[in-house]
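S.K.: Pasting a structure below so you can have a look.
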Amino acid sequence: MAAGGRSAMTRGGEAVRGRKTAGGRMPGCRRASAGENGAVREDAATCDSAVTREGADASGRVRGRASATSRADDAPVVELRGVSCTAPDGSRILDDVSLSVRRGECVLLCGRSGMGKTTITKCVNGLIPQFEPAVERTGEVRVCGLDPAACEMYELALRVGSVFQNPKSQFFNLTSNDELAFGLEAAGVDAEVIERRVGETVRALRAERLLDRDVTKMSGGEKQSLVFASVDAMGPDVYVLDEPTANLDAEAARILHDHVASILARGKTVIVAEHRLHFMADLVDRALLVEGGRIVRELAPDELRALPASERERLGLRAVDPADVLALRCPPTPRPARALLERGLSLRGFSCSRAGRRAFPPVDLDVLRGAVAGVMGGNGVGKTTLLRAVAGLERATEGTVAFDGHPLDARARRRTCSLVMQDVNHQLFGDSVRSECELALGGAASDAAAERIAEVLSALDLELLPTRHPMALSGGQKQRLAVACALLARREVLLLDEPTSGLDFGHMVDVSRLVRRLAERGISIVVVTHDREFISRCCDSVYHMGD
Amino acid sequence: MERVAPGAKRFTLGARERRGLVALDPRAILGVLAAASAVAFMSKSPAVELALVASVALLQALCGHVRMALGYLGCYGALWAILTFVFPNVGGIAATMFTISLTFSRKVFLCLMAGSLLVAECSVHRLCAALARLRVPQVVLVPLTVTMRYFPTLADEASHIRDAMRLRDIPASARMECFVVPLVMSATSTADELSRAATCRGIENPARSTDTERLRMRAVDWAVLALAVAAAVGTALWGGAY
């Protein structure tokens, strides 16, 4: 277990050598090219173990260099020594974790959900114990010379920048300029200095498109970029990113990747917890596998890449190789015939308009009963609007939606389709799992109803939780409960909006199995997603929007 | 000198395009609002009231909100016409009820005008900067900022929940509860996430926060303020009775 600490100490020196060979990095590594400020980067020890591990003479040379640098640079920026966290109910969420991160390093925390990745990030950015005093933390944590438990949060804020998962709940101002200034403004920095620093940040991140914007009109990806830039403007030494791309599409994730490359090039330290490994694979110096509250394994980037698929999946990790992730093993939907499907969902020339403009180009699509169609397309192409329109939630539609050969108006569609929203919390209304199901059945409490509820709940692995409050369920259970309601209300078309955002490998596979099982019940399923691994696993065909 | 790529936008704080002939400091408009509130409690003759409404409308127009000014003048005219010509000629309980509410609207009409001008001229951020300059304590400012920040999110979430309800057959008796419970739940989690993010960005810093709006009282602001005070004092002394 102490591997984390020790190896960082020994490899910290090697890190210095890493930068000499920076030119010879793996192809596709953006870090070297994104750097605008080479000078800073030279000072900082940036490590790339993929390169440094090869030479046997490395350590000797390294030590020479390392001792020449100042003592302060030598000390780890973030150090956890024997840190354990205990939840109020007595369960251990972190168990004797030791971790030492050097200046300029990029450390990836990976592993299944609920294993302690986020808890480690919270120990670093001070949310544990300052924001969650009920969690008892033992052991020693030093971040830039401060103990997050003992110092003030605003002192730590100047040194540690945090980016969280949900882009919606991380900004405070309604214009992007005010938001970029927010952190420095709270610290009382002169307006001229704020202008200069924000200008530098925006230039370094190539994020000029973020200036002078109305935040409420930005896409999720742009909001996350804005949060990143606002944090960067404060100039922290350590960046703690907790699943920053969970809600982002591929393009937005790529932009965030370039932001991370840019700060690494400036010698900053990054600790990132992430499921989508391919997003960071070329930037990380080492990956730590977190399981059961412990760091169980340390992987160099090439080891991470070389993990055989079977082992990677056993460890609950998503694909590492972008080529794997982006591969689509699923045929495109065939061009439908003119005639409507006799058994299934048919869209013909279907579109809808918002503010007088078409939200997406007309869609022709057939989904047989028992079939699953994936819908892909870049940000803002109108995928979610398509689902809403099919479900009968949009006013101005054109074209036809038909089921089993009968064209349906909006009202009829609202009674035929069910929609599992990206945020399932918005669609669960009952005060227990059972009452939620009864609500879906129209409130009838007969024996037959109880029998159907029991049948559907057990089919969805919810039979043990009938008295739980829906809000006390896990994300996956909530999703399944929403599906249960759809089945109970005998909906024949199931529409799913990004059902796998932020899920680890195991949960993604669970959802794909669930979708296949539902299809076997003879309903037509449409899934909007940007998760190609998921599509390859469960869709019969893919419709590309905006082509 | 710093290199700026051609066509690159420069980041400037507190800059905003001027809509009309004058651009007022939020504090000046707050002064007008205070004067309007004071005047609402005073008795005044119709002529004085008309003059006051006209002058606030003129201020709105000078700030570039010509349509707003015309709208308010029209509304006031309609209100006045109904109260003077219509109601005296129709009797009954309904007329009495409406007379009371319409007279009350006329009383607060000036406050409404000044308030609209304030909202149209200043963002929440600018207003909070002005309040901070007026030494309003943090305990008032921080909740105000967060509340104003939360409204757009609340509207967004409410519309999602309404959509989800339209897709289900919810009995009418259960609709209210079905709407409020998820809304409160999501509000709680959003509030929690927001405050985490705010804390991690150092919102608790006791240092006096920077006035990034670069507020400055110019001559025109002082003039507007002086006129507002003069109008309030004048109305109190020679406003006449009504």
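Identifiers for the structure tokens are assigned positionally: chains receive A, B, ... in sequence, residues are indexed from 1 per chain, and ligands are indexed from 1 in the order shown.
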Output as JSON, numbers by chain the set of chain B residues within 8 Å of chain A, with distances taken over only C-alpha atoms.
M.R.: {"B": [8, 9, 10, 11, 12, 13, 125, 145, 146, 149, 152, 157, 160, 161, 163, 164, 165, 166, 167, 168, 169, 170, 171, 177, 178, 179, 181, 182, 183, 185, 186, 190, 191, 193, 194, 196, 197, 198, 199, 200, 201, 202, 203, 204, 205, 206, 207, 208, 209, 210, 211, 212]}
S.K.: Quick one: write out the picked residues with N, CA and C atoms as a compact mmCIF listing (two decimals), in the first residue's frame?
M.R.:
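Printed below is result-v4.txt as written:
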# COMPACT_ATOMS: atom_id res chain seq x y z
N ALA B 8 -8.47 39.33 -31.40
CA ALA B 8 -8.72 38.77 -30.08
C ALA B 8 -9.48 39.78 -29.22
N LYS B 9 -10.39 39.25 -28.42
CA LYS B 9 -11.14 40.14 -27.53
C LYS B 9 -10.29 40.42 -26.31
N ARG B 10 -10.33 41.64 -25.83
CA ARG B 10 -9.61 41.96 -24.62
C ARG B 10 -10.56 41.82 -23.46
N PHE B 11 -10.01 41.37 -22.34
CA PHE B 11 -10.87 41.17 -21.19
C PHE B 11 -10.90 42.45 -20.36
N THR B 12 -12.06 43.06 -20.26
CA THR B 12 -12.18 44.24 -19.43
C THR B 12 -13.33 44.05 -18.48
N LEU B 13 -13.13 44.58 -17.28
CA LEU B 13 -14.16 44.45 -16.26
C LEU B 13 -14.94 45.75 -16.16
N HIS B 125 -24.94 41.40 -10.48
CA HIS B 125 -23.57 41.61 -10.04
C HIS B 125 -23.31 43.08 -9.75
N THR B 145 -27.00 37.36 -3.48
CA THR B 145 -26.33 36.90 -4.69
C THR B 145 -26.78 35.49 -5.04
N VAL B 146 -26.75 34.62 -4.03
CA VAL B 146 -27.05 33.22 -4.30
C VAL B 146 -28.51 33.06 -4.74
N ARG B 149 -28.90 34.17 -8.21
CA ARG B 149 -28.23 33.20 -9.07
C ARG B 149 -29.09 31.96 -9.27
N PRO B 152 -32.71 31.32 -12.27
CA PRO B 152 -32.73 30.68 -13.59
C PRO B 152 -32.71 29.15 -13.49
N GLU B 157 -35.36 23.74 -13.76
CA GLU B 157 -35.72 22.47 -13.15
C GLU B 157 -37.23 22.32 -13.10
N HIS B 160 -38.45 21.02 -16.34
CA HIS B 160 -38.20 19.58 -16.50
C HIS B 160 -39.23 18.75 -15.76
N ILE B 161 -39.51 19.17 -14.52
CA ILE B 161 -40.45 18.39 -13.70
C ILE B 161 -41.84 18.44 -14.33
N ASP B 163 -42.55 18.73 -17.45
CA ASP B 163 -42.54 17.82 -18.60
C ASP B 163 -42.69 16.37 -18.15
N ALA B 164 -41.94 15.99 -17.12
CA ALA B 164 -42.00 14.62 -16.63
C ALA B 164 -43.41 14.29 -16.18
N MET B 165 -44.09 15.28 -15.58
CA MET B 165 -45.45 15.04 -15.11
C MET B 165 -46.41 14.89 -16.28
N ARG B 166 -46.18 15.65 -17.35
CA ARG B 166 -47.08 15.54 -18.51
C ARG B 166 -46.99 14.16 -19.13
N LEU B 167 -45.84 13.49 -18.95
CA LEU B 167 -45.68 12.16 -19.54
C LEU B 167 -46.31 11.06 -18.68
N ARG B 168 -46.75 11.42 -17.49
CA ARG B 168 -47.34 10.40 -16.62
C ARG B 168 -48.77 10.79 -16.31
N ASP B 169 -49.60 9.81 -16.02
CA ASP B 169 -50.97 10.14 -15.62
C ASP B 169 -50.97 10.37 -14.13
N ILE B 170 -50.77 11.61 -13.74
CA ILE B 170 -50.75 11.89 -12.31
C ILE B 170 -52.15 12.38 -11.93
N PRO B 171 -52.79 11.78 -10.92
CA PRO B 171 -54.10 12.26 -10.51
C PRO B 171 -54.02 13.71 -10.03
N GLU B 177 -48.09 17.99 -4.82
CA GLU B 177 -47.04 17.30 -4.09
C GLU B 177 -46.00 16.75 -5.07
N CYS B 178 -46.48 16.18 -6.18
CA CYS B 178 -45.57 15.60 -7.16
C CYS B 178 -44.67 16.66 -7.78
N PHE B 179 -45.14 17.88 -7.79
CA PHE B 179 -44.33 18.94 -8.36
C PHE B 179 -43.30 19.46 -7.36
N VAL B 181 -42.12 18.13 -4.40
CA VAL B 181 -41.12 17.27 -3.76
C VAL B 181 -39.83 17.17 -4.60
N PRO B 182 -39.94 16.81 -5.89
CA PRO B 182 -38.67 16.76 -6.66
C PRO B 182 -37.99 18.12 -6.77
N LEU B 183 -38.81 19.17 -6.83
CA LEU B 183 -38.22 20.51 -6.94
C LEU B 183 -37.38 20.83 -5.71
N MET B 185 -36.13 18.65 -3.62
CA MET B 185 -34.98 17.75 -3.58
C MET B 185 -33.85 18.26 -4.47
N SER B 186 -34.20 18.63 -5.71
CA SER B 186 -33.13 19.05 -6.60
C SER B 186 -32.58 20.40 -6.16
N THR B 190 -28.68 21.07 -5.57
CA THR B 190 -28.01 22.15 -6.29
C THR B 190 -27.38 23.14 -5.31
N ALA B 191 -28.13 23.48 -4.27
CA ALA B 191 -27.60 24.43 -3.29
C ALA B 191 -26.34 23.89 -2.65
N GLU B 193 -24.21 21.66 -3.94
CA GLU B 193 -23.10 21.67 -4.90
C GLU B 193 -22.58 23.08 -5.12
N LEU B 194 -23.52 24.04 -5.20
CA LEU B 194 -23.10 25.43 -5.41
C LEU B 194 -22.25 25.91 -4.26
N ARG B 196 -20.47 24.17 -2.17
CA ARG B 196 -19.15 23.51 -2.20
C ARG B 196 -18.22 24.23 -3.17
N ALA B 197 -18.75 24.46 -4.39
CA ALA B 197 -17.91 25.09 -5.40
C ALA B 197 -17.52 26.50 -4.94
N ALA B 198 -18.45 27.21 -4.32
CA ALA B 198 -18.16 28.58 -3.87
C ALA B 198 -17.09 28.57 -2.79
N THR B 199 -17.20 27.61 -1.86
CA THR B 199 -16.21 27.53 -0.79
C THR B 199 -14.84 27.23 -1.36
N CYS B 200 -14.80 26.31 -2.34
CA CYS B 200 -13.52 25.95 -2.94
C CYS B 200 -12.92 27.09 -3.75
N ARG B 201 -13.71 28.11 -4.05
CA ARG B 201 -13.15 29.25 -4.76
C ARG B 201 -12.88 30.41 -3.82
N GLY B 202 -13.08 30.19 -2.53
CA GLY B 202 -12.68 31.20 -1.56
C GLY B 202 -13.70 32.30 -1.34
N ILE B 203 -15.00 31.98 -1.42
CA ILE B 203 -16.02 33.02 -1.23
C ILE B 203 -15.99 33.54 0.21
N GLU B 204 -15.43 32.74 1.12
CA GLU B 204 -15.44 33.14 2.53
C GLU B 204 -14.31 34.10 2.88
N ASN B 205 -13.52 34.46 1.89
CA ASN B 205 -12.38 35.33 2.17
C ASN B 205 -12.85 36.63 2.83
N PRO B 206 -12.31 36.94 4.00
CA PRO B 206 -12.78 38.14 4.70
C PRO B 206 -12.28 39.43 4.06
N ALA B 207 -11.33 39.33 3.14
CA ALA B 207 -10.82 40.55 2.49
C ALA B 207 -11.98 41.26 1.79
N ARG B 208 -11.94 42.57 1.77
CA ARG B 208 -12.96 43.34 1.08
C ARG B 208 -12.87 43.00 -0.41
N SER B 209 -13.98 42.52 -0.99
CA SER B 209 -13.87 42.05 -2.37
C SER B 209 -13.74 43.23 -3.32
N THR B 210 -13.08 42.95 -4.44
CA THR B 210 -12.78 44.00 -5.41
C THR B 210 -14.06 44.51 -6.06
N ASP B 211 -14.10 45.81 -6.30
CA ASP B 211 -15.22 46.37 -7.05
C ASP B 211 -14.89 46.25 -8.53
N THR B 212 -15.20 45.09 -9.10
CA THR B 212 -14.83 44.88 -10.51
C THR B 212 -15.75 45.65 -11.45
S.K.: Find the distance between atom CA of Pro236 of chain A and atom CA of Thr269 of chain A and write it in Å to one decimal.
M.R.: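 Spanning atom CA of Pro236 of chain A to atom CA of Thr269 of chain A is a straight-line distance of 9.1 Å.
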S.K.: Can you tell me how far atom CA of Cys106 of chain A sits from atom CA of Ile271 of chain A, in Å to one decimal?
M.R.: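 Separating atom CA of Cys106 of chain A from atom CA of Ile271 of chain A is a distance of 5.9 Å.
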S.K.: Between B:Arg214, B:Pro137, B:Ala241, B:Ala158, single out the one closest to Val180 of chain B, counting only C-alpha atoms.
M.R.: B:Ala158
S.K.: Near Val141 of chain A, counting only C-alpha atoms, which residues have an atom at most 12 Å away, once you skip same-chain residues fewer than 2 positions from it, shown as a ChimeraX atom specification?
M.R.: /A:76-85,96-101,120-126,128-129,137-139,143-151
S.K.: Convert the current residue selection to file output with N, CA and C atoms, as an mmCIF file, in the first residue's frame.
M.R.:
data_model
loop_
_atom_site.group_PDB
_atom_site.id
_atom_site.type_symbol
_atom_site.label_atom_id
_atom_site.label_comp_id
_atom_site.auth_asym_id
_atom_site.auth_seq_id
_atom_site.Cartn_x
_atom_site.Cartn_y
_atom_site.Cartn_z
ATOM 1 N N PRO A 76 7.074 17.116 -1.928
ATOM 2 C CA PRO A 76 5.828 16.876 -2.658
ATOM 3 C C PRO A 76 4.831 18.015 -2.428
ATOM 4 N N VAL A 77 4.036 18.333 -3.444
ATOM 5 C CA VAL A 77 3.044 19.393 -3.314
ATOM 6 C C VAL A 77 1.849 18.889 -2.523
ATOM 7 N N VAL A 78 1.494 17.645 -2.798
ATOM 8 C CA VAL A 78 0.371 17.039 -2.085
ATOM 9 C C VAL A 78 0.873 15.762 -1.443
ATOM 10 N N GLU A 79 0.633 15.627 -0.150
ATOM 11 C CA GLU A 79 1.070 14.411 0.511
ATOM 12 C C GLU A 79 -0.006 13.912 1.470
ATOM 13 N N LEU A 80 -0.396 12.666 1.286
ATOM 14 C CA LEU A 80 -1.318 12.014 2.211
ATOM 15 C C LEU A 80 -0.536 10.900 2.882
ATOM 16 N N ARG A 81 -0.581 10.881 4.230
ATOM 17 C CA ARG A 81 0.150 9.813 4.917
ATOM 18 C C ARG A 81 -0.802 9.072 5.841
ATOM 19 N N GLY A 82 -1.066 7.824 5.535
ATOM 20 C CA GLY A 82 -1.934 6.982 6.363
ATOM 21 C C GLY A 82 -3.295 7.594 6.597
ATOM 22 N N VAL A 83 -3.907 8.118 5.546
ATOM 23 C CA VAL A 83 -5.184 8.801 5.713
ATOM 24 C C VAL A 83 -6.342 7.804 5.649
ATOM 25 N N SER A 84 -7.186 7.869 6.665
ATOM 26 C CA SER A 84 -8.403 7.058 6.669
ATOM 27 C C SER A 84 -9.586 7.978 6.900
ATOM 28 N N CYS A 85 -10.718 7.636 6.324
ATOM 29 C CA CYS A 85 -11.932 8.395 6.548
ATOM 30 C C CYS A 85 -13.029 7.457 6.984
ATOM 31 N N ASP A 96 -6.339 3.944 5.150
ATOM 32 C CA ASP A 96 -4.885 4.022 5.194
ATOM 33 C C ASP A 96 -4.278 4.308 3.815
ATOM 34 N N VAL A 97 -4.638 5.450 3.280
ATOM 35 C CA VAL A 97 -4.140 5.828 1.959
ATOM 36 C C VAL A 97 -2.908 6.711 2.100
ATOM 37 N N SER A 98 -1.854 6.355 1.413
ATOM 38 C CA SER A 98 -0.672 7.210 1.354
ATOM 39 C C SER A 98 -0.413 7.558 -0.100
ATOM 40 N N LEU A 99 -0.145 8.829 -0.318
ATOM 41 C CA LEU A 99 0.000 9.284 -1.693
ATOM 42 C C LEU A 99 0.875 10.516 -1.672
ATOM 43 N N SER A 100 1.804 10.563 -2.596
ATOM 44 C CA SER A 100 2.673 11.713 -2.631
ATOM 45 C C SER A 100 2.760 12.185 -4.076
ATOM 46 N N VAL A 101 2.398 13.439 -4.296
ATOM 47 C CA VAL A 101 2.356 13.945 -5.662
ATOM 48 C C VAL A 101 3.341 15.094 -5.790
ATOM 49 N N ILE A 120 -10.748 10.814 -1.914
ATOM 50 C CA ILE A 120 -9.346 11.256 -1.927
ATOM 51 C C ILE A 120 -9.279 12.714 -2.402
ATOM 52 N N THR A 121 -10.031 13.047 -3.462
ATOM 53 C CA THR A 121 -9.987 14.430 -3.937
ATOM 54 C C THR A 121 -10.531 15.383 -2.867
ATOM 55 N N LYS A 122 -11.520 14.937 -2.114
ATOM 56 C CA LYS A 122 -12.077 15.812 -1.082
ATOM 57 C C LYS A 122 -11.091 16.055 0.055
ATOM 58 N N CYS A 123 -10.257 15.053 0.327
ATOM 59 C CA CYS A 123 -9.244 15.253 1.364
ATOM 60 C C CYS A 123 -8.232 16.292 0.902
ATOM 61 N N VAL A 124 -7.995 16.363 -0.390
ATOM 62 C CA VAL A 124 -7.000 17.306 -0.906
ATOM 63 C C VAL A 124 -7.587 18.720 -0.967
ATOM 64 N N ASN A 125 -8.830 18.855 -1.463
ATOM 65 C CA ASN A 125 -9.368 20.216 -1.586
ATOM 66 C C ASN A 125 -10.080 20.707 -0.332
ATOM 67 N N GLY A 126 -10.030 19.911 0.736
ATOM 68 C CA GLY A 126 -10.484 20.401 2.027
ATOM 69 C C GLY A 126 -11.963 20.188 2.304
ATOM 70 N N ILE A 128 -13.424 17.526 2.802
ATOM 71 C CA ILE A 128 -13.339 16.693 4.004
ATOM 72 C C ILE A 128 -12.133 17.191 4.763
ATOM 73 N N PRO A 129 -12.206 17.638 5.979
ATOM 74 C CA PRO A 129 -13.390 17.603 6.840
ATOM 75 C C PRO A 129 -14.174 18.919 6.884
ATOM 76 N N ARG A 137 -11.684 12.180 9.681
ATOM 77 C CA ARG A 137 -10.462 11.922 8.928
ATOM 78 C C ARG A 137 -9.296 11.748 9.886
ATOM 79 N N THR A 138 -8.528 10.684 9.704
ATOM 80 C CA THR A 138 -7.322 10.515 10.503
ATOM 81 C C THR A 138 -6.134 10.461 9.547
ATOM 82 N N GLY A 139 -4.952 10.583 10.093
ATOM 83 C CA GLY A 139 -3.757 10.589 9.248
ATOM 84 C C GLY A 139 -3.377 12.016 8.907
ATOM 85 N N VAL A 143 -1.056 19.911 1.834
ATOM 86 C CA VAL A 143 -1.263 20.391 0.468
ATOM 87 C C VAL A 143 -0.608 21.759 0.372
ATOM 88 N N CYS A 144 0.425 21.875 -0.418
ATOM 89 C CA CYS A 144 1.187 23.124 -0.542
ATOM 90 C C CYS A 144 1.570 23.650 0.839
ATOM 91 N N GLY A 145 1.961 22.757 1.726
ATOM 92 C CA GLY A 145 2.408 23.173 3.046
ATOM 93 C C GLY A 145 1.289 23.432 4.034
ATOM 94 N N LEU A 146 0.043 23.293 3.624
ATOM 95 C CA LEU A 146 -1.087 23.543 4.522
ATOM 96 C C LEU A 146 -1.776 22.226 4.870
ATOM 97 N N ASP A 147 -2.417 22.206 6.038
ATOM 98 C CA ASP A 147 -3.277 21.081 6.370
ATOM 99 C C ASP A 147 -4.715 21.500 6.087
ATOM 100 N N PRO A 148 -5.356 20.887 5.094
ATOM 101 C CA PRO A 148 -6.699 21.325 4.720
ATOM 102 C C PRO A 148 -7.695 21.295 5.873
ATOM 103 N N ALA A 149 -7.397 20.494 6.896
ATOM 104 C CA ALA A 149 -8.336 20.426 8.015
ATOM 105 C C ALA A 149 -8.144 21.611 8.946
ATOM 106 N N ALA A 150 -6.955 22.203 8.940
ATOM 107 C CA ALA A 150 -6.643 23.225 9.936
ATOM 108 C C ALA A 150 -6.674 24.638 9.369
ATOM 109 N N CYS A 151 -6.439 24.794 8.065
ATOM 110 C CA CYS A 151 -6.379 26.154 7.534
ATOM 111 C C CYS A 151 -7.771 26.597 7.102
#
S.K.: Considering only C-alpha atoms, return as a list in words whatever protein or nucleic-acid residues lie within 10 Å of Val233 of chain B, sequence-local ones (same chain, fewer than 6 positions apart) excluded.
M.R.: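 Once the nearby chain positions are removed, what remains is Ala35, Ala38, Val39, Leu227 and Gly239 of chain B.
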S.K.: Could you go through segment 161-339 of chain A and tell me which residues DSSP, when run on the backbone, assigns to strand (DSSP E), listing them as a PyMOL selection string?
M.R.: chain A and resi 161-163+238-242+269-273+286-291+294-299
S.K.: If you run DSSP on the backbone here, which positions in segment 380-476 of chain A get alpha helix (DSSP H)? Please write them as number ranges by chain.
M.R.: A: 383-390, 410-416, 433-440, 447-459, 475-476
